[in-house]
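Peer 1: Here's a structure for you.
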Amino acid sequence: MARFGVILPAAGSSTRMTGFQKKKPFLDLKGRPVWVRTAEHFLGRNDVCQTIVAVSPDDLDWFRETYRPNLAFMDIQIVAGGTSRAESVRNAIQQLSTEVEYIAVHDAARPLLAARWIDEIFAAAQQHKAAIPGLRISSTVKRVGGNGRITETVDRTGLVQAQTPQVFERGVLEKAFAICRNLAGATDEASMVEAAGHPVQVIDGWPMNIKITTAEDFRLAELFVGALPKPASLGGLHPFGDELFR
Ligand code: CTP
Ligand code: MG
């Protein structure tokens with residue numbers, strides 16, 4: 001079985017989330033902190049051998065103290081994040097154990113995952129060496145000028161919104177980081193791997209796998225928590241249900 005190391009960047013400053021006391025990874029989402037919900041999807045998996053969360057250097061002491069009870073039961077490492085997301089991920093890569101063969105990077109601010117989605121992206125990474133989920137854009141896409149006027153209706157053929165987990169063979173991602181000259185400018189790992197000249201496979205993303213970015217996203221996340229697919233063993237088919245799979 002391939003061994004995956006999981007990196008959860010949680011070191012951002014949540015500037016687009018207004019009206020909350022805490023940064024978004026630390027907000028309580030229906031009984032558990034966002035970052036804990038995110039980590040839980042990976043911690044119990046047989047194919048995950050290491051999980052690392054990147055936390056802002058300013059928050060490290062507070063984080064260790066506040067989450068001591070959670071951390072006692074979680075096999076998770078903590079690293080200091082950087083000033084950009086890619087720098088946070090780089091710091092975590094440097095702490096990966098030698099047994100890690102594939103690296104999965106997943107936003108701590110995306111707590112709405114399902115085991116079967118992780119299975120899918122891990123399988124794609126093993127097949128293609130680099131794989132990300134991408135959500136097809138269903139709306140008509142416009143380019144809008146600074147004055148609020150449409151300048152163009154963009155052909156949406158082939159356009160997707162990149163999600164995470166983004167998963168790479170270890171050497172592929174390490175090389176992309178080594179080559180990259182502008183870490184601060186990279187908003188995801190795939191863009192760095194693309195720039196390094198390695199093909200990246202896209203599989204269909206999942207609409208509920210939203211990144212909590214604004215206060216409204218957080219409200220949506222509260223609703224979606226109860227709507228995520230259940231593990232197959234718990235679900236089963238409802239005799240009167242309309243859905244074939246839950
Ligand atoms: N992140 C990180 N280190 C940074 C910046 C971001 O680990 N220096 C993490 C965030 O904590 C988040 C993920 O990367 O889990 C996605 O980033 P984003 O949604 O942009 O979060 P923030 O940067 O915190 O939010 P904002 O851009 O609104 O300030
Ligand atoms: Mg950000």
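Identifiers in the structure tokens: chain A, B, ... in order shown; residue index from 1 per chain; ligand index from 1 in order shown.
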Using only C-alpha atoms, determine which residues lie at most 6 Å from stretch 6-14 of chain A, disregarding the query and same-chain residues fewer than 3 positions distant; provide the list as a PDB file with N, CA, C and O atoms, in the first residue's frame.
Peer 2:
ATOM      1  N   MET A  17     -12.640  36.658   6.374  1.00  0.00           N
ATOM      2  CA  MET A  17     -13.682  36.242   7.315  1.00  0.00           C
ATOM      3  C   MET A  17     -13.864  37.362   8.320  1.00  0.00           C
ATOM      4  O   MET A  17     -13.056  37.509   9.233  1.00  0.00           O
ATOM      5  N   LYS A  23      -9.602  32.961  14.114  1.00  0.00           N
ATOM      6  CA  LYS A  23      -9.305  32.643  12.716  1.00  0.00           C
ATOM      7  C   LYS A  23     -10.094  31.396  12.315  1.00  0.00           C
ATOM      8  O   LYS A  23     -10.386  30.532  13.155  1.00  0.00           O
ATOM      9  N   THR A  51       0.660  13.078   9.459  1.00  0.00           N
ATOM     10  CA  THR A  51      -0.193  14.246   9.219  1.00  0.00           C
ATOM     11  C   THR A  51       0.451  15.438   9.926  1.00  0.00           C
ATOM     12  O   THR A  51       0.831  15.350  11.098  1.00  0.00           O
ATOM     13  N   ILE A  52       0.584  16.533   9.185  1.00  0.00           N
ATOM     14  CA  ILE A  52       1.246  17.725   9.731  1.00  0.00           C
ATOM     15  C   ILE A  52       0.326  18.926   9.551  1.00  0.00           C
ATOM     16  O   ILE A  52      -0.218  19.139   8.464  1.00  0.00           O
ATOM     17  N   VAL A  53       0.142  19.696  10.602  1.00  0.00           N
ATOM     18  CA  VAL A  53      -0.641  20.922  10.485  1.00  0.00           C
ATOM     19  C   VAL A  53       0.312  22.121  10.633  1.00  0.00           C
ATOM     20  O   VAL A  53       1.182  22.125  11.510  1.00  0.00           O
ATOM     21  N   ALA A  54       0.170  23.086   9.717  1.00  0.00           N
ATOM     22  CA  ALA A  54       1.007  24.291   9.786  1.00  0.00           C
ATOM     23  C   ALA A  54       0.196  25.399  10.466  1.00  0.00           C
ATOM     24  O   ALA A  54      -0.915  25.714  10.044  1.00  0.00           O
ATOM     25  N   VAL A  55       0.770  25.955  11.521  1.00  0.00           N
ATOM     26  CA  VAL A  55       0.097  26.987  12.322  1.00  0.00           C
ATOM     27  C   VAL A  55       0.989  28.229  12.344  1.00  0.00           C
ATOM     28  O   VAL A  55       2.224  28.105  12.399  1.00  0.00           O
ATOM     29  N   SER A  56       0.380  29.390  12.310  1.00  0.00           N
ATOM     30  CA  SER A  56       1.149  30.632  12.326  1.00  0.00           C
ATOM     31  C   SER A  56       2.076  30.672  13.548  1.00  0.00           C
ATOM     32  O   SER A  56       1.666  30.295  14.648  1.00  0.00           O
ATOM     33  N   GLY A  81       3.978  27.898  10.347  1.00  0.00           N
ATOM     34  CA  GLY A  81       3.663  28.272   8.972  1.00  0.00           C
ATOM     35  C   GLY A  81       4.533  29.431   8.510  1.00  0.00           C
ATOM     36  O   GLY A  81       5.354  29.960   9.275  1.00  0.00           O
ATOM     37  N   ILE A 103       2.542  13.021  -1.267  1.00  0.00           N
ATOM     38  CA  ILE A 103       2.203  14.147  -0.390  1.00  0.00           C
ATOM     39  C   ILE A 103       0.825  14.674  -0.786  1.00  0.00           C
ATOM     40  O   ILE A 103       0.587  14.997  -1.959  1.00  0.00           O
ATOM     41  N   ALA A 104      -0.060  14.742   0.196  1.00  0.00           N
ATOM     42  CA  ALA A 104      -1.392  15.321  -0.021  1.00  0.00           C
ATOM     43  C   ALA A 104      -1.462  16.637   0.730  1.00  0.00           C
ATOM     44  O   ALA A 104      -1.203  16.685   1.934  1.00  0.00           O
ATOM     45  N   VAL A 105      -1.775  17.710   0.013  1.00  0.00           N
ATOM     46  CA  VAL A 105      -1.926  19.011   0.676  1.00  0.00           C
ATOM     47  C   VAL A 105      -3.406  19.353   0.662  1.00  0.00           C
ATOM     48  O   VAL A 105      -4.050  19.342  -0.399  1.00  0.00           O
ATOM     49  N   HIS A 106      -3.943  19.631   1.845  1.00  0.00           N
ATOM     50  CA  HIS A 106      -5.379  19.924   1.930  1.00  0.00           C
ATOM     51  C   HIS A 106      -5.601  21.117   2.852  1.00  0.00           C
ATOM     52  O   HIS A 106      -5.138  21.120   3.995  1.00  0.00           O
ATOM     53  N   ASP A 107      -6.337  22.119   2.354  1.00  0.00           N
ATOM     54  CA  ASP A 107      -6.614  23.311   3.159  1.00  0.00           C
ATOM     55  C   ASP A 107      -7.291  22.928   4.472  1.00  0.00           C
ATOM     56  O   ASP A 107      -8.320  22.247   4.456  1.00  0.00           O
ATOM     57  N   ALA A 108      -6.735  23.417   5.579  1.00  0.00           N
ATOM     58  CA  ALA A 108      -7.398  23.194   6.872  1.00  0.00           C
ATOM     59  C   ALA A 108      -8.804  23.786   6.847  1.00  0.00           C
ATOM     60  O   ALA A 108      -9.684  23.348   7.584  1.00  0.00           O
TER      61      ALA A 108
END
Peer 1: Hey, what does DSSP flag as strand (DSSP E or B) within stretch 15-227 of chain A? Can you give it to me as a PyMOL selection string?
Peer 2: chain A and resi 28-29+32-33+48-55+77-80+102-105+130-136+141-144+150-154+160-162+166-169+201-204
Peer 1: Take the residues from that selection and write them out as an mmCIF file, in the first residue's frame, keeping C-alpha atoms.
Peer 2:
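Generated file (again25.cif):
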data_model
loop_
_atom_site.group_PDB
_atom_site.id
_atom_site.type_symbol
_atom_site.label_atom_id
_atom_site.label_comp_id
_atom_site.auth_asym_id
_atom_site.auth_seq_id
_atom_site.Cartn_x
_atom_site.Cartn_y
_atom_site.Cartn_z
ATOM 1 C CA ASP A 28 -16.313 25.802 16.243
ATOM 2 C CA LEU A 29 -18.148 24.040 13.438
ATOM 3 C CA ARG A 32 -15.668 20.605 16.772
ATOM 4 C CA PRO A 33 -13.016 23.054 15.567
ATOM 5 C CA VAL A 48 -1.783 7.879 5.787
ATOM 6 C CA CYS A 49 1.468 7.534 7.733
ATOM 7 C CA GLN A 50 1.976 11.154 8.797
ATOM 8 C CA THR A 51 -0.193 14.246 9.219
ATOM 9 C CA ILE A 52 1.246 17.725 9.731
ATOM 10 C CA VAL A 53 -0.641 20.922 10.485
ATOM 11 C CA ALA A 54 1.007 24.291 9.786
ATOM 12 C CA VAL A 55 0.097 26.987 12.322
ATOM 13 C CA GLN A 77 2.679 17.080 14.087
ATOM 14 C CA ILE A 78 2.667 20.855 14.270
ATOM 15 C CA VAL A 79 4.987 23.110 12.274
ATOM 16 C CA ALA A 80 5.307 26.881 12.095
ATOM 17 C CA TYR A 102 2.962 10.707 -1.776
ATOM 18 C CA ILE A 103 2.203 14.147 -0.390
ATOM 19 C CA ALA A 104 -1.392 15.321 -0.021
ATOM 20 C CA VAL A 105 -1.926 19.011 0.676
ATOM 21 C CA ALA A 130 0.008 14.440 -9.725
ATOM 22 C CA ALA A 131 -3.739 14.868 -9.300
ATOM 23 C CA ILE A 132 -6.184 17.461 -8.024
ATOM 24 C CA PRO A 133 -9.967 17.718 -7.777
ATOM 25 C CA GLY A 134 -11.499 20.354 -10.055
ATOM 26 C CA LEU A 135 -15.101 21.488 -9.946
ATOM 27 C CA ARG A 136 -16.600 22.163 -13.345
ATOM 28 C CA VAL A 141 -18.453 33.152 -16.930
ATOM 29 C CA LYS A 142 -17.870 36.895 -17.421
ATOM 30 C CA ARG A 143 -14.786 39.060 -17.247
ATOM 31 C CA VAL A 144 -15.638 42.335 -15.539
ATOM 32 C CA ILE A 150 -18.644 43.190 -18.509
ATOM 33 C CA THR A 151 -15.763 43.204 -20.931
ATOM 34 C CA GLU A 152 -16.104 39.630 -22.117
ATOM 35 C CA THR A 153 -18.128 36.436 -21.809
ATOM 36 C CA VAL A 154 -15.470 33.794 -21.302
ATOM 37 C CA VAL A 160 -12.652 24.138 -13.423
ATOM 38 C CA GLN A 161 -12.219 25.547 -9.929
ATOM 39 C CA ALA A 162 -9.236 23.878 -8.275
ATOM 40 C CA GLN A 166 -3.908 18.088 -4.151
ATOM 41 C CA VAL A 167 -1.796 14.954 -4.189
ATOM 42 C CA PHE A 168 1.624 14.349 -5.699
ATOM 43 C CA GLU A 169 4.338 11.776 -5.814
ATOM 44 C CA GLN A 201 -4.469 15.170 -13.753
ATOM 45 C CA VAL A 202 -7.833 16.647 -12.764
ATOM 46 C CA ILE A 203 -10.636 14.492 -11.405
ATOM 47 C CA ASP A 204 -14.171 15.708 -10.769
#
Peer 1: Could you check how far atom CA of A:Ile179 sits from atom CA of A:Ala92, in Å to one decimal?
Peer 2: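 Between atom CA of A:Ile179 and atom CA of A:Ala92 the gap works out to 17.2 Å.
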Peer 1: Tell me, as a CSV table (one decimal) with N, CA, C and O atoms, in the first residue's frame, which residues lie within 12 Å of A:Ser138, counting only C-alpha atoms; anything in the same chain fewer than 6 positions away does not count.
Peer 2:
chain,number,residue,atom,x,y,z
A,155,ASP,N,-15.4,31.8,-22.6
A,155,ASP,CA,-15.8,30.4,-22.9
A,155,ASP,C,-15.4,29.5,-21.7
A,155,ASP,O,-14.3,29.4,-21.3
A,156,ARG,N,-16.4,28.8,-21.1
A,156,ARG,CA,-16.2,28.1,-19.9
A,156,ARG,C,-15.7,26.6,-20.2
A,156,ARG,O,-15.5,25.9,-19.3
A,157,THR,N,-15.7,26.3,-21.5
A,157,THR,CA,-15.2,24.9,-21.8
A,157,THR,C,-13.9,24.6,-21.2
A,157,THR,O,-12.9,25.4,-21.3
A,158,GLY,N,-13.8,23.5,-20.4
A,158,GLY,CA,-12.5,23.1,-19.9
A,158,GLY,C,-12.1,23.9,-18.6
A,158,GLY,O,-11.1,23.7,-18.0
A,159,LEU,N,-13.0,24.8,-18.2
A,159,LEU,CA,-12.6,25.6,-16.9
A,159,LEU,C,-13.1,24.8,-15.7
A,159,LEU,O,-14.2,24.4,-15.7
A,160,VAL,N,-12.3,24.7,-14.7
A,160,VAL,CA,-12.7,24.1,-13.4
A,160,VAL,C,-12.1,25.0,-12.3
A,160,VAL,O,-11.1,25.8,-12.5
A,161,GLN,N,-12.8,24.9,-11.1
A,161,GLN,CA,-12.2,25.5,-9.9
A,161,GLN,C,-11.4,24.5,-9.2
A,161,GLN,O,-11.9,23.4,-8.9
A,207,PRO,N,-18.9,19.4,-4.9
A,207,PRO,CA,-19.5,20.7,-4.6
A,207,PRO,C,-19.5,21.1,-3.2
A,207,PRO,O,-19.4,22.2,-2.8
Peer 1: So the first atom is atom 10 (C, counted along the ligand's line) of ligand 1 and the second is atom CA of A:Gln94; what is the distance between them in Å, to one decimal place?
Peer 2: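 Between these atoms lies a distance of 18.3 Å.
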Peer 1: Each residue of stretch 148-240 of chain A lying at most 9 Å from stretch 115-121 of chain A should get a row with its shortest atom-to-atom pair and the distance in Å to one decimal, counting only C-alpha atoms; could you produce that, ordered by chain and increasing number, as a tab-separated table?
Peer 2:
residue	atom	partner	partner_atom	distance
A:Pro165	CA	A:Ile121	CA	7.3
A:Gln166	CA	A:Ile121	CA	7.8
A:Val167	CA	A:Ile121	CA	7.1
A:Ile203	CA	A:Ile121	CA	7.3
A:Gly205	CA	A:Trp117	CA	8.4
A:Trp206	CA	A:Trp117	CA	7.9
A:Pro229	CA	A:Arg116	CA	8.5
A:Lys230	CA	A:Ala115	CA	8.5
A:Pro231	CA	A:Ala115	CA	7.0
A:Ala232	CA	A:Arg116	CA	8.9
Peer 1: Rank nothing, just name the residue among A:Asp47, A:Glu87, A:Glu194, A:Glu65 nearest to ligand 2, using only C-alpha atoms and all ligand atoms.
Peer 2: A:Glu87
Peer 1: My list of candidates is A:Ser139, A:Glu99, A:Lys30, A:Arg85. Which is closest to A:Leu220 when distances are computed with only C-alpha atoms?
Peer 2: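 Ranked by minimum distance to A:Leu220, first place goes to A:Lys30.
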Peer 1: Measuring between only C-alpha atoms, which one of A:Thr18, A:Arg110, A:Thr98, A:Ser84 shows the shortest distance to A:Gly185?
Peer 2: A:Ser84
Peer 1: Measure the distance from atom CA of A:Leu71 to atom CA of A:Glu222 in Å and round it to one decimal.
Peer 2: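 Atom-to-atom, atom CA of A:Leu71 to atom CA of A:Glu222, that is 23.4 Å.
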Peer 1: Taking only C-alpha atoms and all ligand atoms into account, which of A:Pro57, A:Gly171, A:Gly82, A:Gly226 comes nearest ligand 2?
Peer 2: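 Ranking A:Pro57, A:Gly171, A:Gly82, A:Gly226 by distance to ligand 2, first place goes to A:Gly82.
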Peer 1: Can you list, as a VMD selection string, every protein, DNA or RNA residue that comes within 8 Å of A:Asp188 when you count only C-alpha atoms, leaving out same-chain residues fewer than 2 positions away?
Peer 2: chain A and resid 85 to 86 186 190 to 192
Peer 1: Restricted to N, CA and C atoms, what would the selected residues look like written as a CSV table (one decimal), in the first residue's frame?
Peer 2:
chain,number,residue,atom,x,y,z
A,85,ARG,N,0.9,30.7,1.8
A,85,ARG,CA,0.4,29.3,1.9
A,85,ARG,C,1.5,28.4,1.5
A,86,ALA,N,2.2,28.7,0.4
A,86,ALA,CA,3.2,27.8,-0.1
A,86,ALA,C,4.4,27.7,0.8
A,186,ALA,N,2.2,31.6,-5.5
A,186,ALA,CA,1.6,30.4,-5.8
A,186,ALA,C,0.3,30.2,-4.9
A,190,ALA,N,-0.6,22.7,-7.4
A,190,ALA,CA,-0.7,22.3,-8.8
A,190,ALA,C,0.0,23.3,-9.7
A,191,SER,N,-0.2,24.6,-9.4
A,191,SER,CA,0.4,25.6,-10.3
A,191,SER,C,1.9,25.5,-10.3
A,192,MET,N,2.5,25.1,-9.1
A,192,MET,CA,3.9,25.0,-9.1
A,192,MET,C,4.4,23.8,-9.8
Peer 1: Fewer than 2 positions away in the same chain doesn't count, so skip those; otherwise give me all residues within 9 Å of A:Val193, counting only C-alpha atoms, as a ChimeraX atom specification.
Peer 2: /A:130,168,172-173,175-177,180,189-191,195-200
Peer 1: Could the residues in this selection be written to a file with C-alpha atoms, as a tab-separated table (two decimals), in the first residue's frame?
Peer 2:
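result_31.tsv was written with the following content:
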chain	number	residue	atom	x	y	z
A	130	ALA	CA	0.01	14.44	-9.73
A	168	PHE	CA	1.62	14.35	-5.70
A	172	VAL	CA	7.33	15.63	-8.10
A	173	LEU	CA	6.24	18.11	-5.44
A	175	LYS	CA	11.14	19.28	-7.30
A	176	ALA	CA	8.40	21.86	-7.96
A	177	PHE	CA	9.20	23.57	-4.65
A	180	CYS	CA	9.80	27.70	-7.79
A	189	GLU	CA	0.58	23.31	-5.34
A	190	ALA	CA	-0.67	22.26	-8.76
A	191	SER	CA	0.36	25.61	-10.27
A	195	ALA	CA	5.29	25.42	-13.85
A	196	ALA	CA	7.87	22.69	-13.26
A	197	GLY	CA	6.62	21.03	-16.45
A	198	HIS	CA	4.92	18.02	-14.90
A	199	PRO	CA	1.39	17.11	-16.09
A	200	VAL	CA	-1.35	17.32	-13.44
Peer 1: Just list the residues in stretch 97-235 of chain A DSSP gives helix (DSSP H, G or I) on the backbone, as a PyMOL selection string.
Peer 2: chain A and resi 115-128+170-179+183-185+189-195+215-227+232-235
Peer 1: Would you please work out which residue, of A:Gln127, A:Asn209, A:Thr140, A:Thr164, is nearest to ligand 1 when using only C-alpha atoms and all ligand atoms?
Peer 2: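 The closest residue to ligand 1 is A:Thr164.
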Peer 1: Let me make sure I understand: among A:Arg64, A:Arg170, A:Lys211, A:Arg45, which one has the smallest atom-to-atom distance to ligand 2 if we use only C-alpha atoms and all ligand atoms?
Peer 2: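 Under the stated criterion, the closest residue is A:Lys211.
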